[in-house]
Structure formats: C-alpha cells, structure tokens
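Engineer: Coordinates in run-v5.cif, mmCIF, C-alpha atoms, are listed below.
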data_coords
#
loop_
_atom_site.label_atom_id
_atom_site.label_comp_id
_atom_site.auth_asym_id
_atom_site.auth_seq_id
_atom_site.Cartn_x
_atom_site.Cartn_y
_atom_site.Cartn_z
CA MET A 1 -31.89 -5.62 -17.63
CA PHE A 2 -29.16 -8.18 -17.00
CA GLU A 3 -27.86 -9.70 -13.81
CA ALA A 4 -24.16 -10.35 -13.37
CA GLU A 5 -22.56 -12.71 -10.85
CA ILE A 6 -18.85 -12.15 -10.47
CA LYS A 7 -16.38 -14.37 -8.63
CA ILE A 8 -12.95 -13.11 -7.63
CA THR A 9 -10.27 -15.38 -6.15
CA LEU A 10 -6.56 -15.20 -5.54
CA LYS A 11 -4.51 -16.59 -8.41
CA LYS A 12 -3.38 -20.18 -8.04
CA THR A 13 0.23 -19.02 -7.76
CA VAL A 14 -0.60 -16.75 -4.80
CA ALA A 15 -0.73 -18.29 -1.31
CA ASP A 16 -4.15 -17.95 0.34
CA PRO A 17 -3.78 -17.94 4.14
CA GLN A 18 -7.56 -17.69 4.65
CA GLY A 19 -8.24 -20.73 2.48
CA LEU A 20 -5.56 -22.68 4.34
CA THR A 21 -7.02 -21.75 7.74
CA ILE A 22 -10.52 -22.76 6.60
CA LYS A 23 -9.14 -26.08 5.40
CA HIS A 24 -7.52 -26.72 8.80
CA ALA A 25 -10.78 -25.83 10.57
CA LEU A 26 -12.77 -28.21 8.35
CA GLU A 27 -10.23 -30.96 9.02
CA SER A 28 -10.52 -30.39 12.76
CA LEU A 29 -14.27 -31.03 12.32
CA GLY A 30 -13.35 -34.42 10.93
CA GLN A 31 -13.76 -33.60 7.24
CA LYS A 32 -11.37 -35.71 5.18
CA GLY A 33 -10.15 -35.56 1.61
CA ILE A 34 -10.34 -31.79 1.02
CA SER A 35 -7.65 -29.82 -0.75
CA GLU A 36 -7.03 -26.50 -2.46
CA VAL A 37 -9.53 -24.50 -0.38
CA ARG A 38 -9.63 -20.96 -1.75
CA MET A 39 -11.43 -17.99 -0.22
CA GLY A 40 -12.81 -15.40 -2.62
CA LYS A 41 -15.28 -12.59 -3.19
CA PHE A 42 -18.68 -12.65 -4.81
CA VAL A 43 -20.22 -9.56 -6.40
CA LYS A 44 -23.75 -9.49 -7.75
CA MET A 45 -25.27 -6.60 -9.70
CA LYS A 46 -27.98 -5.61 -12.10
CA LEU A 47 -27.01 -3.64 -15.16
CA GLU A 48 -28.59 -2.18 -18.24
CA ALA A 49 -27.19 -3.07 -21.63
CA LYS A 50 -28.60 -3.38 -25.12
CA ASP A 51 -27.63 -7.05 -25.37
CA LYS A 52 -25.68 -9.76 -23.59
CA ALA A 53 -22.47 -9.01 -25.49
CA GLU A 54 -22.51 -5.40 -24.30
CA ALA A 55 -23.23 -6.49 -20.71
CA ASP A 56 -20.35 -8.91 -21.02
CA SER A 57 -17.89 -6.26 -22.13
CA GLN A 58 -19.05 -3.83 -19.42
CA VAL A 59 -18.59 -6.39 -16.64
CA SER A 60 -15.26 -7.44 -18.05
CA GLU A 61 -14.06 -3.84 -17.94
CA MET A 62 -15.33 -3.38 -14.36
CA CYS A 63 -13.39 -6.47 -13.31
CA ARG A 64 -10.20 -5.30 -14.97
CA LYS A 65 -10.39 -1.71 -13.70
CA LEU A 66 -11.64 -2.13 -10.15
CA LEU A 67 -13.20 -5.37 -8.94
CA ALA A 68 -10.10 -7.54 -9.25
CA ASN A 69 -6.43 -6.71 -8.85
CA PRO A 70 -4.75 -8.55 -11.75
CA ILE A 71 -1.45 -8.80 -9.86
CA ILE A 72 -2.90 -11.18 -7.26
CA GLU A 73 -6.44 -12.05 -8.36
CA GLU A 74 -8.36 -13.70 -11.17
CA TYR A 75 -12.06 -13.38 -11.94
CA SER A 76 -14.88 -15.11 -13.72
CA PHE A 77 -18.48 -14.06 -14.23
CA GLU A 78 -21.81 -15.17 -15.47
CA ILE A 79 -24.47 -12.97 -17.06
CA LYS A 80 -28.12 -13.89 -16.89
CA MET B 81 9.72 22.90 2.23
CA ARG B 82 5.96 22.53 1.86
CA PHE B 83 4.32 19.25 2.81
CA GLY B 84 0.79 18.10 2.00
CA VAL B 85 -0.94 15.36 4.01
CA VAL B 86 -3.72 13.70 2.00
CA VAL B 87 -6.94 12.94 3.87
CA PHE B 88 -9.37 10.27 2.62
CA PRO B 89 -12.54 9.32 4.45
CA GLY B 90 -11.11 6.78 6.92
CA SER B 91 -7.53 8.07 7.05
CA ASN B 92 -6.43 8.01 10.69
CA CYS B 93 -2.69 8.70 10.76
CA ASP B 94 -3.05 12.08 9.05
CA GLN B 95 -2.77 14.03 12.32
CA ASP B 96 0.31 12.06 13.38
CA CYS B 97 2.06 12.92 10.11
CA PHE B 98 0.95 16.56 10.33
CA ASN B 99 2.24 16.77 13.91
CA VAL B 100 5.71 15.45 13.02
CA ILE B 101 6.11 17.80 10.04
CA GLN B 102 4.83 20.84 11.93
CA ASN B 103 6.11 20.36 15.47
CA VAL B 104 9.19 18.19 15.08
CA MET B 105 10.44 19.12 11.61
CA LYS B 106 9.18 22.76 11.90
CA GLN B 107 8.14 22.75 8.23
CA PRO B 108 4.96 24.21 6.69
CA VAL B 109 2.28 21.57 6.21
CA GLU B 110 -1.35 21.46 5.05
CA TYR B 111 -4.07 18.83 4.97
CA VAL B 112 -5.38 18.06 1.47
CA TRP B 113 -8.91 16.65 1.31
CA HIS B 114 -9.20 13.89 -1.28
CA LYS B 115 -11.62 15.95 -3.39
CA ASN B 116 -9.04 18.68 -3.77
CA THR B 117 -6.82 18.32 -6.83
CA LYS B 118 -4.27 21.11 -6.45
CA LEU B 119 -0.83 19.89 -5.39
CA ASP B 120 1.49 22.18 -7.39
CA HIS B 121 2.66 24.20 -4.39
CA PHE B 122 3.94 21.17 -2.44
CA ASP B 123 7.43 19.69 -2.40
CA CYS B 124 6.32 16.43 -0.78
CA VAL B 125 2.94 14.71 -0.52
CA ILE B 126 2.28 12.20 2.27
CA ILE B 127 -0.46 9.58 1.95
CA PRO B 128 -1.03 8.54 5.56
CA GLY B 129 -2.18 5.32 7.14
CA GLY B 130 -5.70 4.39 8.11
CA PHE B 131 -8.62 2.60 6.54
CA SER B 132 -9.51 4.70 3.50
CA TYR B 133 -13.11 3.95 2.47
CA GLY B 134 -13.26 1.31 5.21
CA ASP B 135 -10.83 -0.91 3.27
CA TYR B 136 -13.87 -1.96 1.19
CA LEU B 137 -13.19 -4.31 -1.74
CA ARG B 138 -9.39 -4.23 -1.24
CA CYS B 139 -7.22 -1.92 0.86
CA GLY B 140 -6.64 1.24 -1.16
CA ALA B 141 -8.75 0.10 -4.12
CA ILE B 142 -11.48 2.72 -3.73
CA ALA B 143 -9.14 5.56 -2.69
CA ARG B 144 -7.27 4.96 -5.93
CA PHE B 145 -10.26 6.45 -7.81
CA SER B 146 -10.56 9.57 -5.62
CA PRO B 147 -10.27 12.89 -7.48
CA ILE B 148 -6.88 13.61 -5.87
CA MET B 149 -5.23 10.46 -7.23
CA ASN B 150 -4.80 11.73 -10.80
CA SER B 151 -3.08 14.80 -9.34
CA ILE B 152 -0.82 12.60 -7.20
CA ILE B 153 0.12 10.51 -10.25
CA LYS B 154 0.92 13.68 -12.21
CA PHE B 155 2.82 15.15 -9.22
CA ALA B 156 4.92 11.97 -8.98
CA ASN B 157 5.53 11.80 -12.74
CA ASP B 158 6.75 15.42 -12.60
CA GLY B 159 9.34 14.41 -10.00
CA GLY B 160 7.52 15.45 -6.79
CA LEU B 161 8.25 13.41 -3.68
CA VAL B 162 5.44 11.07 -2.58
CA ILE B 163 5.47 8.90 0.50
CA GLY B 164 2.75 6.37 1.29
CA ILE B 165 2.72 4.92 4.78
CA CYS B 166 0.77 1.72 5.58
CA ASN B 167 -2.64 2.30 3.94
CA GLY B 168 -0.88 4.98 1.87
CA PHE B 169 1.49 2.28 0.57
CA GLN B 170 -1.53 0.13 -0.33
CA VAL B 171 -3.06 3.08 -2.22
CA LEU B 172 0.20 3.61 -4.18
CA LEU B 173 0.22 -0.08 -5.16
CA GLU B 174 -3.41 0.03 -6.31
CA ALA B 175 -2.67 3.20 -8.27
CA GLY B 176 0.26 1.51 -10.01
CA LEU B 177 2.81 4.08 -8.77
CA LEU B 178 4.64 1.20 -7.11
CA PRO B 179 4.81 -2.43 -8.28
CA GLY B 180 3.23 -5.39 -6.46
CA ALA B 181 0.18 -5.87 -4.22
CA MET B 182 -0.73 -6.54 -0.59
CA LEU B 183 -2.13 -9.79 0.78
CA ARG B 184 -3.51 -10.52 4.22
CA ASN B 185 -0.89 -11.16 6.87
CA LYS B 186 0.22 -14.78 6.77
CA ASN B 187 -1.05 -15.44 10.31
CA LEU B 188 -4.37 -13.65 9.56
CA HIS B 189 -3.85 -11.38 12.59
CA PHE B 190 -3.87 -7.62 12.72
CA ILE B 191 -0.32 -7.01 13.94
CA CYS B 192 0.39 -3.88 15.98
CA LYS B 193 3.88 -3.81 17.49
CA PHE B 194 7.38 -2.43 17.21
CA VAL B 195 9.53 -4.29 14.69
CA GLU B 196 13.14 -4.02 13.57
CA LEU B 197 13.88 -2.81 10.06
CA LYS B 198 17.14 -2.94 8.18
CA VAL B 199 18.01 -0.04 5.91
CA GLU B 200 18.89 -1.57 2.53
CA ALA B 201 19.18 1.48 0.26
CA THR B 202 20.36 4.95 1.22
CA ASP B 203 20.44 6.48 -2.27
CA THR B 204 16.85 7.73 -2.04
CA PRO B 205 15.43 11.08 -0.87
CA PHE B 206 13.71 9.21 1.99
CA SER B 207 16.63 7.29 3.45
CA SER B 208 19.82 9.25 2.68
CA GLY B 209 20.15 10.20 6.37
CA TYR B 210 20.50 6.56 7.42
CA LYS B 211 23.46 4.24 7.10
CA LYS B 212 23.20 1.13 4.94
CA GLY B 213 22.59 -1.85 7.22
CA GLN B 214 21.39 0.35 10.09
CA VAL B 215 18.66 -1.33 12.16
CA LEU B 216 15.64 0.82 13.05
CA ARG B 217 12.92 0.24 15.64
CA ILE B 218 9.64 1.38 14.04
CA PRO B 219 6.08 0.15 14.73
CA ILE B 220 3.76 -1.61 12.29
CA ALA B 221 -0.05 -1.75 12.55
CA HIS B 222 -1.74 -3.62 9.73
CA ASN B 223 -3.80 -6.57 8.61
CA GLU B 224 -2.71 -6.56 4.95
CA GLY B 225 1.03 -5.98 4.93
CA ASN B 226 2.06 -9.23 3.29
CA TYR B 227 3.77 -7.71 0.25
CA TYR B 228 3.50 -9.78 -2.91
CA ILE B 229 5.32 -9.48 -6.21
CA ASP B 230 6.10 -12.20 -8.76
CA ASP B 231 9.64 -13.49 -9.30
CA LYS B 232 10.23 -11.31 -12.34
CA GLY B 233 9.09 -8.19 -10.46
CA LEU B 234 11.24 -9.09 -7.48
CA ALA B 235 14.31 -9.52 -9.67
CA GLU B 236 13.65 -6.07 -11.10
CA LEU B 237 13.31 -4.52 -7.62
CA LYS B 238 16.65 -6.06 -6.66
CA ASN B 239 18.44 -5.10 -9.87
CA ASN B 240 17.36 -1.48 -9.49
CA ASN B 241 18.11 -1.41 -5.75
CA GLN B 242 14.47 -0.42 -5.06
CA ILE B 243 14.12 -2.26 -1.74
CA VAL B 244 14.68 0.42 0.93
CA PHE B 245 13.63 -1.37 4.14
CA ARG B 246 13.53 -5.07 5.06
CA TYR B 247 12.11 -6.67 8.21
CA VAL B 248 14.77 -8.26 10.41
CA ASP B 249 12.19 -10.81 11.62
CA ASN B 250 9.42 -11.01 8.98
CA PRO B 251 6.09 -10.48 10.82
CA ASN B 252 3.59 -10.84 7.96
CA GLY B 253 4.94 -13.15 5.25
CA ALA B 254 6.06 -10.38 2.89
CA VAL B 255 8.09 -11.57 -0.12
CA ASP B 256 11.85 -11.25 0.54
CA ASP B 257 11.11 -9.57 3.94
CA ILE B 258 10.14 -6.37 2.10
CA ALA B 259 8.87 -3.53 4.32
CA GLY B 260 9.42 -0.55 2.00
CA ILE B 261 10.24 0.11 -1.66
CA VAL B 262 10.76 3.03 -4.03
CA ASN B 263 9.79 3.35 -7.68
CA LYS B 264 12.42 3.25 -10.42
CA ASN B 265 12.77 7.04 -10.40
CA ARG B 266 13.28 6.89 -6.61
CA ASN B 267 10.82 9.75 -5.86
CA VAL B 268 7.93 7.57 -4.60
CA LEU B 269 8.31 5.56 -1.37
CA GLY B 270 5.85 3.07 0.07
CA MET B 271 6.41 1.53 3.50
CA MET B 272 4.21 -0.47 5.88
CA PRO B 273 5.93 0.61 9.16
CA HIS B 274 5.02 4.00 10.64
CA PRO B 275 7.95 6.45 10.85
CA GLU B 276 5.54 9.15 12.11
CA ARG B 277 4.89 7.02 15.20
CA SER B 278 8.58 6.80 15.99
CA SER B 279 9.79 10.38 15.60
CA GLU B 280 9.49 11.66 19.18
CA GLN B 281 11.18 10.40 22.34
CA GLU B 282 7.80 10.25 24.13
CA LEU B 283 6.89 7.39 21.78
CA THR B 284 10.03 5.44 22.85
CA SER B 285 11.77 5.60 19.45
CA VAL B 286 13.02 8.37 17.18
CA ASP B 287 14.29 5.95 14.53
CA GLY B 288 11.56 6.99 12.06
CA LEU B 289 12.55 10.65 12.10
CA GLY B 290 15.36 9.93 9.62
CA VAL B 291 12.76 9.49 6.87
CA PHE B 292 11.55 13.07 7.35
CA THR B 293 14.98 14.63 7.93
CA SER B 294 16.24 12.85 4.79
CA ILE B 295 13.37 14.35 2.77
CA VAL B 296 13.98 17.90 4.02
CA GLU B 297 17.75 17.67 3.48
CA TRP B 298 17.24 16.24 -0.01
CA LEU B 299 14.78 19.01 -0.93
CA GLU B 300 17.16 21.66 0.43
CA ARG B 301 20.00 20.23 -1.66
CA ARG B 302 17.76 20.18 -4.73
CA SER B 303 16.65 23.80 -4.31
CA LYS B 304 20.24 25.08 -4.10
#
Written as structure tokens, that's how I'd like the structure from this file.

Structural biologist:
Amino acid sequence: MFEAEIKITLKKTVADPQGLTIKHALESLGQKGISEVRMGKFVKMKLEAKDKAEADSQVSEMCRKLLANPIIEEYSFEIK
Amino acid sequence: MRFGVVVFPGSNCDQDCFNVIQNVMKQPVEYVWHKNTKLDHFDCVIIPGGFSYGDYLRCGAIARFSPIMNSIIKFANDGGLVIGICNGFQVLLEAGLLPGAMLRNKNLHFICKFVELKVEATDTPFSSGYKKGQVLRIPIAHNEGNYYIDDKGLAELKNNNQIVFRYVDNPNGAVDDIAGIVNKNRNVLGMMPHPERSSEQELTSVDGLGVFTSIVEWLERRSK
C-alpha cells in the first residue's frame, strides 16, 4: 500500500486572484517581503500498486485525466 | 423541434430552461437524467446552470465523467446542437467540446446581476436572430466565470469568429471580455449569462429569448 500526496496549483502564467488577496491580507497584518503567493489544492490518497513505479504512473494518469486541468493548472506529487 | 434538458445532481436552472422551451417557445422538451445515455431523438441538448456535483474539485470536472457526457460528445460530433449555460459552459470546457477554462472571478465575489452583452457573431444557430453589435441585457450568476485561454487559443477564436458574446463592462476578468463562444463547427455554444432568465417580460428582459428563437428557426431551416 502506497500513500500519494498531490499538489495542484495554477500555472505561473495564470493570474491567481486568491493568492493575490491572501498576499494583501498578510501584508495588512504587517508581514513584509512576501511575493508570489499561490493558492492551490492538496489531495491525499492511499492506493494499491505492485511497486512504486506503478503507483507513480497511476497517480500521474489520475492527475492528467481528472485532478488537474492542464489548461490552467500544474501538478506535482510525492509517493511514500 | 425536440429539446433535451440535461439534469446532473446539483443542476438548478434545469426547470427555468424547461419552462422557456415549453411555455414560451411552445416546443416539445424532456428532462434527461445524467445516467441516461440516449439523445438520438433530440435536435438540441441544453446543459443548464447550477452546481453539478457541488462544484467539487473544479466546476464541471466531475459532471464531465457522467454517463451522459460520452453521448453528448457523440451528439455534438454528429452535428447536434448543444448549448451550455453557466455551469453547462464549464462542463463543456472540462469535456473539451469548447476550448479554454474557467477561473474564479477576479474580485473573488459571486456576482449575480444583469449585465450588458454585445453580440459579436450572428452566423451561428444560436445568435442568427440578433443583429451584430446589438446590446443585450441578460443576467449572470457565477463565481467562476473568468474565462481563460492562452494567446494562441485566443487568436484562433478570433480568426474563426468563434466569440459570440462579449461583456460591455467586464464583470469577472474574462480574457478579451468573452461571455460566450462556439466551437469551430459552430454547433456547440457555451455562455456564462443566462438567456433562460431573460426570456419573459415578468423577468424585466426578453433579450435572451433570441438564443432560443434562433435555434428553432435554424432547425426549421435545416429540416426543410
């Protein structure tokens, strides 16, 4: 049994109004020196696979087909 | 002309669409539950607004894998007319029947109000009853209506005259003020504003009715 942790964020070229609003809120708290705040999604799951390579290819397919929209989003994941 | 109104769990503009087709347009119309896959007997399929599957993951992302979607893709590829309104537009984008994607509104607010739209293309089955440049008063009601497409995609939309409606005063940050587009074959329309909420005088505007009258007139011409 493997555990996958998947992160999905908007592509760098896509404006992120949530990230911008969070940045402004943090600045109004007095936080200085922050930039490029991006809001994203985090998906965690357990999955069965015969080895790590198979788990890797399964998660990769799930990201491409459903979890991320490649037009606006990019993803990364870690398998434990 | 037979219309089908698709119903997903969480659709909530299905009855409004049904009402306009049945009581205003006086055309036969049926609801189609998302687990149903038979669409052959329809001339036009409407994917209504709402919050299909609670907008989980991304708007329209889960609905895209409903049993009915493969039938809708086939129906569209065979030349059937498909119109996606609001959440229906988001579903069509997720399904790849229309190019681009939706982002959250630039101001992060759910916006529910009448807006002005400019008719940009009249050579489609959904807008032939309007005049180019005509300004329509039609309401929007969405949180993710900020249409996004990359520069290359936008150039293609423009070259093929696929932009049907533009906002006069952009409410949500949409690229190039885009409110509604058609596919290259011009038989699939997606639009964020709600023509079904502006087709009866009681609702203070009948500017949306032209979408439905255009469809019926186009289908009548085709069947002759």

Engineer: Quick check on the file I pasted: which residues fall under the PyMOL selection byres ((chain B) within 8 of (chain A))? Write them as number ranges by chain.

Structural biologist: B: 137, 141, 174, 180-181, 184-188, 228-229

Engineer: Pick out the residues sitting within 10 Å of Phe77 of chain A, and hand them over as JSON, numbers by chain; count all atoms listed in the file, and ignore anything fewer than 6 positions along from it in its own chain.

Structural biologist: {"A": [4, 5, 6, 7, 8, 42, 43, 44, 56, 59, 60, 63]}

Engineer: Report as a PDB file with C-alpha atoms, in the coordinates of the input the residues that result from applying the PyMOL selection byres ((chain B and resi 272-287) around 6) to the structure here.

Structural biologist:
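Listed below is the output, part.pdb:
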ATOM      1  CA  CYS B  97       2.060  12.920  10.110  1.00  0.00           C
ATOM      2  CA  ILE B 165       2.720   4.920   4.780  1.00  0.00           C
ATOM      3  CA  CYS B 166       0.770   1.720   5.580  1.00  0.00           C
ATOM      4  CA  LEU B 216      15.640   0.820  13.050  1.00  0.00           C
ATOM      5  CA  ARG B 217      12.920   0.240  15.640  1.00  0.00           C
ATOM      6  CA  ILE B 218       9.640   1.380  14.040  1.00  0.00           C
ATOM      7  CA  PRO B 219       6.080   0.150  14.730  1.00  0.00           C
ATOM      8  CA  ILE B 220       3.760  -1.610  12.290  1.00  0.00           C
ATOM      9  CA  ALA B 259       8.870  -3.530   4.320  1.00  0.00           C
ATOM     10  CA  MET B 271       6.410   1.530   3.500  1.00  0.00           C
ATOM     11  CA  GLY B 288      11.560   6.990  12.060  1.00  0.00           C
ATOM     12  CA  LEU B 289      12.550  10.650  12.100  1.00  0.00           C
TER      13      LEU B 289
END

Engineer: Just say which residues the PyMOL selection byres ((chain B and resi 112) around 7) picks in this file, as an mmCIF file with C-alpha atoms, keeping the file's coordinate frame.

Structural biologist:
data_model
loop_
_atom_site.group_PDB
_atom_site.id
_atom_site.type_symbol
_atom_site.label_atom_id
_atom_site.label_comp_id
_atom_site.auth_asym_id
_atom_site.auth_seq_id
_atom_site.Cartn_x
_atom_site.Cartn_y
_atom_site.Cartn_z
ATOM 1 C CA GLY B 84 0.790 18.100 2.000
ATOM 2 C CA VAL B 85 -0.940 15.360 4.010
ATOM 3 C CA VAL B 86 -3.720 13.700 2.000
ATOM 4 C CA VAL B 87 -6.940 12.940 3.870
ATOM 5 C CA GLU B 110 -1.350 21.460 5.050
ATOM 6 C CA TYR B 111 -4.070 18.830 4.970
ATOM 7 C CA TRP B 113 -8.910 16.650 1.310
ATOM 8 C CA HIS B 114 -9.200 13.890 -1.280
ATOM 9 C CA ASN B 116 -9.040 18.680 -3.770
#

Engineer: Quick one: what's the axis-aligned box for segment 53-72 of chain A, all listed atoms, 5 Å on every side, centre and edges in Å to one decimal, as lines of an AutoDock Vina configuration file?

Structural biologist:
center_x = -12.3
center_y = -6.4
center_z = -16.4
size_x = 31.8
size_y = 19.5
size_z = 28.2

Engineer: Do you know which residues are at most 8 Å from Val37 of chain A counting all atoms listed in the file, after dropping those on the same chain fewer than 4 positions away, and could you put them as a short mmCIF file (atom, residue, chain, number, x, y, z; two decimals) with C-alpha atoms, in the frame of the given file?

Structural biologist:
data_model
loop_
_atom_site.label_atom_id
_atom_site.label_comp_id
_atom_site.auth_asym_id
_atom_site.auth_seq_id
_atom_site.Cartn_x
_atom_site.Cartn_y
_atom_site.Cartn_z
CA GLY A 19 -8.24 -20.73 2.48
CA LEU A 20 -5.56 -22.68 4.34
CA ILE A 22 -10.52 -22.76 6.60
CA LYS A 23 -9.14 -26.08 5.40
#

Engineer: Any idea what's packed within 6 Å of Pro128 of chain B, counting all atoms listed in the file, ignoring anything in its chain fewer than 3 positions away? Could you give it as an mmCIF file with C-alpha atoms, keeping the file's coordinate frame?

Structural biologist:
data_model
loop_
_atom_site.group_PDB
_atom_site.id
_atom_site.type_symbol
_atom_site.label_atom_id
_atom_site.label_comp_id
_atom_site.auth_asym_id
_atom_site.auth_seq_id
_atom_site.Cartn_x
_atom_site.Cartn_y
_atom_site.Cartn_z
ATOM 1 C CA CYS B 93 -2.690 8.700 10.760
ATOM 2 C CA ASP B 94 -3.050 12.080 9.050
ATOM 3 C CA ILE B 165 2.720 4.920 4.780
ATOM 4 C CA GLY B 168 -0.880 4.980 1.870
#

Engineer: Identify the residues around (14.7, -3.7, -0.4) within a radius of 10 Å, measuring from all atoms listed in the file in the coordinates stated by the file, and give them as a PyMOL selection string.

Structural biologist: chain B and resi 198-201+234+237-238+240-247+256-262

Engineer: State, in Å with one decimal place, the distance from atom CA of Met182 of chain B to atom CA of Thr204 of chain B.

Structural biologist: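 These atoms are spaced 22.7 Å apart.
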
Engineer: So what do you get for atom CA of Asp96 of chain B versus atom CA of Gly129 of chain B, distance-wise?

Structural biologist: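 Atom-to-atom, atom CA of Asp96 of chain B to atom CA of Gly129 of chain B, that is 9.5 Å.
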
Engineer: What is the atom CA of Val268 of chain B-atom CA of Asn250 of chain B distance in Å, reported with one decimal?

Structural biologist: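 According to the coordinates, atom CA of Val268 of chain B and atom CA of Asn250 of chain B are separated by 23.1 Å.
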
Engineer: Have a look at A:Ile79, A:Leu29, A:Met62, A:Ile34 and name the one nearest to Phe2 of chain A; count only C-alpha atoms.

Structural biologist: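 Of the candidates, the smallest distance to Phe2 of chain A is held by A:Ile79.
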
Engineer: Would you fill out segment 26-52 of chain A with N, CA and C atoms and return it as a short mmCIF file (atom, residue, chain, number, x, y, z; two decimals), in the frame of the given file?

Structural biologist:
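Everything below was put into selection37.cif:
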data_model
loop_
_atom_site.label_atom_id
_atom_site.label_comp_id
_atom_site.auth_asym_id
_atom_site.auth_seq_id
_atom_site.Cartn_x
_atom_site.Cartn_y
_atom_site.Cartn_z
N LEU A 26 -11.90 -27.13 8.84
CA LEU A 26 -12.77 -28.21 8.35
C LEU A 26 -12.19 -29.57 8.74
N GLU A 27 -10.87 -29.69 8.66
CA GLU A 27 -10.23 -30.96 9.02
C GLU A 27 -10.38 -31.25 10.51
N SER A 28 -10.36 -30.16 11.32
CA SER A 28 -10.52 -30.39 12.76
C SER A 28 -11.96 -30.80 13.09
N LEU A 29 -12.89 -30.55 12.15
CA LEU A 29 -14.27 -31.03 12.32
C LEU A 29 -14.40 -32.49 11.90
N GLY A 30 -13.32 -33.03 11.35
CA GLY A 30 -13.35 -34.42 10.93
C GLY A 30 -13.51 -34.60 9.43
N GLN A 31 -13.61 -33.50 8.69
CA GLN A 31 -13.76 -33.60 7.24
C GLN A 31 -12.46 -34.12 6.62
N LYS A 32 -12.57 -35.16 5.80
CA LYS A 32 -11.37 -35.71 5.18
C LYS A 32 -11.39 -35.47 3.68
N GLY A 33 -10.23 -35.57 3.07
CA GLY A 33 -10.15 -35.56 1.61
C GLY A 33 -10.35 -34.20 0.95
N ILE A 34 -10.20 -33.10 1.68
CA ILE A 34 -10.34 -31.79 1.02
C ILE A 34 -8.97 -31.21 0.70
N SER A 35 -8.92 -30.47 -0.39
CA SER A 35 -7.65 -29.82 -0.75
C SER A 35 -7.96 -28.56 -1.53
N GLU A 36 -6.93 -27.73 -1.67
CA GLU A 36 -7.03 -26.50 -2.46
C GLU A 36 -8.25 -25.65 -2.10
N VAL A 37 -8.43 -25.37 -0.81
CA VAL A 37 -9.53 -24.50 -0.38
C VAL A 37 -9.13 -23.05 -0.65
N ARG A 38 -9.93 -22.35 -1.40
CA ARG A 38 -9.63 -20.96 -1.75
C ARG A 38 -10.78 -20.06 -1.31
N MET A 39 -10.44 -18.97 -0.67
CA MET A 39 -11.43 -17.99 -0.22
C MET A 39 -11.50 -16.88 -1.28
N GLY A 40 -12.69 -16.45 -1.60
CA GLY A 40 -12.81 -15.40 -2.62
C GLY A 40 -13.91 -14.42 -2.33
N LYS A 41 -14.22 -13.59 -3.34
CA LYS A 41 -15.28 -12.59 -3.19
C LYS A 41 -16.35 -12.85 -4.24
N PHE A 42 -17.56 -12.47 -3.89
CA PHE A 42 -18.68 -12.65 -4.81
C PHE A 42 -19.40 -11.32 -4.94
N VAL A 43 -19.53 -10.83 -6.17
CA VAL A 43 -20.22 -9.56 -6.40
C VAL A 43 -21.41 -9.82 -7.33
N LYS A 44 -22.54 -9.30 -6.94
CA LYS A 44 -23.75 -9.49 -7.75
C LYS A 44 -24.28 -8.11 -8.10
N MET A 45 -24.72 -7.92 -9.33
CA MET A 45 -25.27 -6.60 -9.70
C MET A 45 -26.25 -6.73 -10.85
N LYS A 46 -27.11 -5.72 -10.93
CA LYS A 46 -27.98 -5.61 -12.10
C LYS A 46 -27.41 -4.53 -12.99
N LEU A 47 -27.50 -4.70 -14.30
CA LEU A 47 -27.01 -3.64 -15.16
C LEU A 47 -27.81 -3.59 -16.45
N GLU A 48 -27.87 -2.37 -16.98
CA GLU A 48 -28.59 -2.18 -18.24
C GLU A 48 -27.61 -2.25 -19.39
N ALA A 49 -28.02 -2.96 -20.43
CA ALA A 49 -27.19 -3.07 -21.63
C ALA A 49 -28.10 -3.47 -22.78
N LYS A 50 -27.68 -3.12 -24.00
CA LYS A 50 -28.60 -3.38 -25.12
C LYS A 50 -28.68 -4.88 -25.45
N ASP A 51 -27.58 -5.58 -25.19
CA ASP A 51 -27.63 -7.05 -25.37
C ASP A 51 -26.59 -7.70 -24.45
N LYS A 52 -26.54 -9.01 -24.50
CA LYS A 52 -25.68 -9.76 -23.59
C LYS A 52 -24.19 -9.46 -23.86
#
